[in-house]
Each structure stands twice: as structure tokens, then as C-alpha cells.
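First comes the structure, then the notes that go with it.
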Amino acid sequence: MAGLEESEQPQPLCGTAAICRGVPGAPESDGPAPGAPGPVVLDLLGDPSVDEVLFPSRPESAGAARRLTHRVLLDQWDLSPQLAQNAVLLVSELVGNAVRHTGARRFGLRMLRRRGWIRIEVRDPSRGLPCLMPVRELDVSGRGLFLVDTLSDRWGVDLLPRGKTTWFEMRTGDR
């Protein structure tokens with residue numbers, strides 16, 4: 001992901017605020033229910049199952065990444081609602097880590113599918129490795145990688161010349 005920190009993402013061009021609900025930088029409105037993927041989210045932001053989608057490293061980008069994940073897993077790939085719900089949660093955790101801990105201006109989301117598996121990747125320009133910490137019952141933070149470790153079948157980190165990709169894989173029912 002060489003040069004990710006220098007790249008700029010154009011602001012989405014929106015016809016109405018309802019269409020752009022949840023898109024970073026877009027106006028808010030009384031449009032679709034929060035969390036609803038919206039009919040044109042892939043057109044506005046890009047399709048992470050085709051090419052990496054870049055986001056500004058801001059907390060509100062997590063919502064857009066969740067909507068994209070939801071849209072691809074349920075609408076395009078026709079996977080189970082439970083699998084989609086777990087994957088959306090894990091995307092939120094990885095995006096949260098990229099936003100909070102890397103100091104990056106941008107991060108990328110990519111989704112891959114092969115028979116029996118999905119793989120979701122979050123790339124950022126930091127080479128700092130995430131750390132799976134022990135979690136105690138009363139802990140109020142630090143559970144992100146614990147959830148990734150618990151809900152995914154595999155996860156890991158690939159170091160790049162300029163940054164890293166943190167990924168997880170989940171089995172699907174299509175074998």
C-alpha cells in the first residue's frame with residue numbers, strides 16, 4: 001500500500017442526503033434507518049470485492065466500511081445473515097484499530113471470496129503490529145482482536161514495504 005498516506009479520496013458526489021447517509025463527509029438526513037446499506041453505497045464508495053476502497057482515517061469511516069461489508073456479504077455474495085453480522089463486527093474492530101492506533105491519514109478495505117471462504121483485509125501505512133491482549137470480564141476496551149480471534153477462523157498480519165494488512169478469514173457454507 002505504498003503511498004497510501006499521501007493519497008486523497010474525493011468526496012462522494014451525492015444527489016440527496018438520504019442516498020449519502022453514513023458516507024464520511026456527506027450531509028446527514030432523515031433517510032434510511034441507521035445501519036441500512038442503502039442502494040448505491042457501492043457506487044458511491046467503490047466495491048471492496050473488486051478493488052481496495054480507501055477511507056479517510058476518521059471514526060465515522062467505520063460506519064461506511066460496515067455498510068460496504070454488509071452490502072457485499074448479503075446482497076452480492078448471498079451469505080448467511082449470521083456470518084455477515086459477525087464479519088461486519090470484525091471489520092468495525094479492524095477499522096477502529098487502524099483509525100485509533102496507526103496515525104494514518106487513510107486506510108483501505110478489501111474483500112476476497114473463494115470457494116468455502118471469505119477474507120477481509122484492512123490496510124494501513126503503519127508497520128506497528130496489532131497485539132492480542134488477554135481480556136478480563138470487566139475490561140471496557142482492548143477486546144477488538146479478542147473478538148477477531150474468537151469469531152474468525154483465521155486472522156493475521158502481513159507486513160508490506162510501507163505498512164501492513166490486517167486480515168481475517170471465515171468459512172462459508174459454499175463448499
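Residues in the C-alpha cells are named by chain (A, B, ... in the order shown) and by number from 1 within that chain; ligands are numbered from 1 in the order shown.
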Inset, instruction - For stretch 160-175 of chain A, please output as number ranges by chain all residues within 9 Å (counting only C-alpha atoms; exclusion window: fewer than 3 positions along the same chain). - result: A: 1-4, 79-80, 83, 87, 90-91, 94, 108, 115-130, 148-149, 151-157
Inset, instruction - Might you pull out every residue within 12 Å of A:Val88, with only C-alpha atoms counted and same-chain residues fewer than 6 positions away left off, and present them as an MDAnalysis selection string? - result: chainID A and resid 35 37 62:74 81:82 94:95 111 120 147:148 151:152 168 170
Legend entry - Backbone DSSP call of strand (DSSP E or B) for stretch 53-96 of chain A, listed as a ChimeraX atom specification: /A:53-56
Generate the output file for the selected residues, C-alpha atoms, as a PDB file, in the first residue's frame.
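Full text of result36.pdb as output:
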```
ATOM      1  CA  VAL A  53     -11.622   1.053  -1.198  1.00  0.00           C
ATOM      2  CA  LEU A  54      -9.799   3.899   0.551  1.00  0.00           C
ATOM      3  CA  PHE A  55     -11.276   5.763   3.514  1.00  0.00           C
ATOM      4  CA  PRO A  56     -10.162   8.796   5.498  1.00  0.00           C
TER       5      PRO A  56
END
```
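Coordinates place atom CA of A:Leu132 at a distance of 26.9 Å from atom CA of A:Arg114.
Counting from atom CA of A:Val41, the distance to atom CA of A:Ala98 is 21.5 Å.
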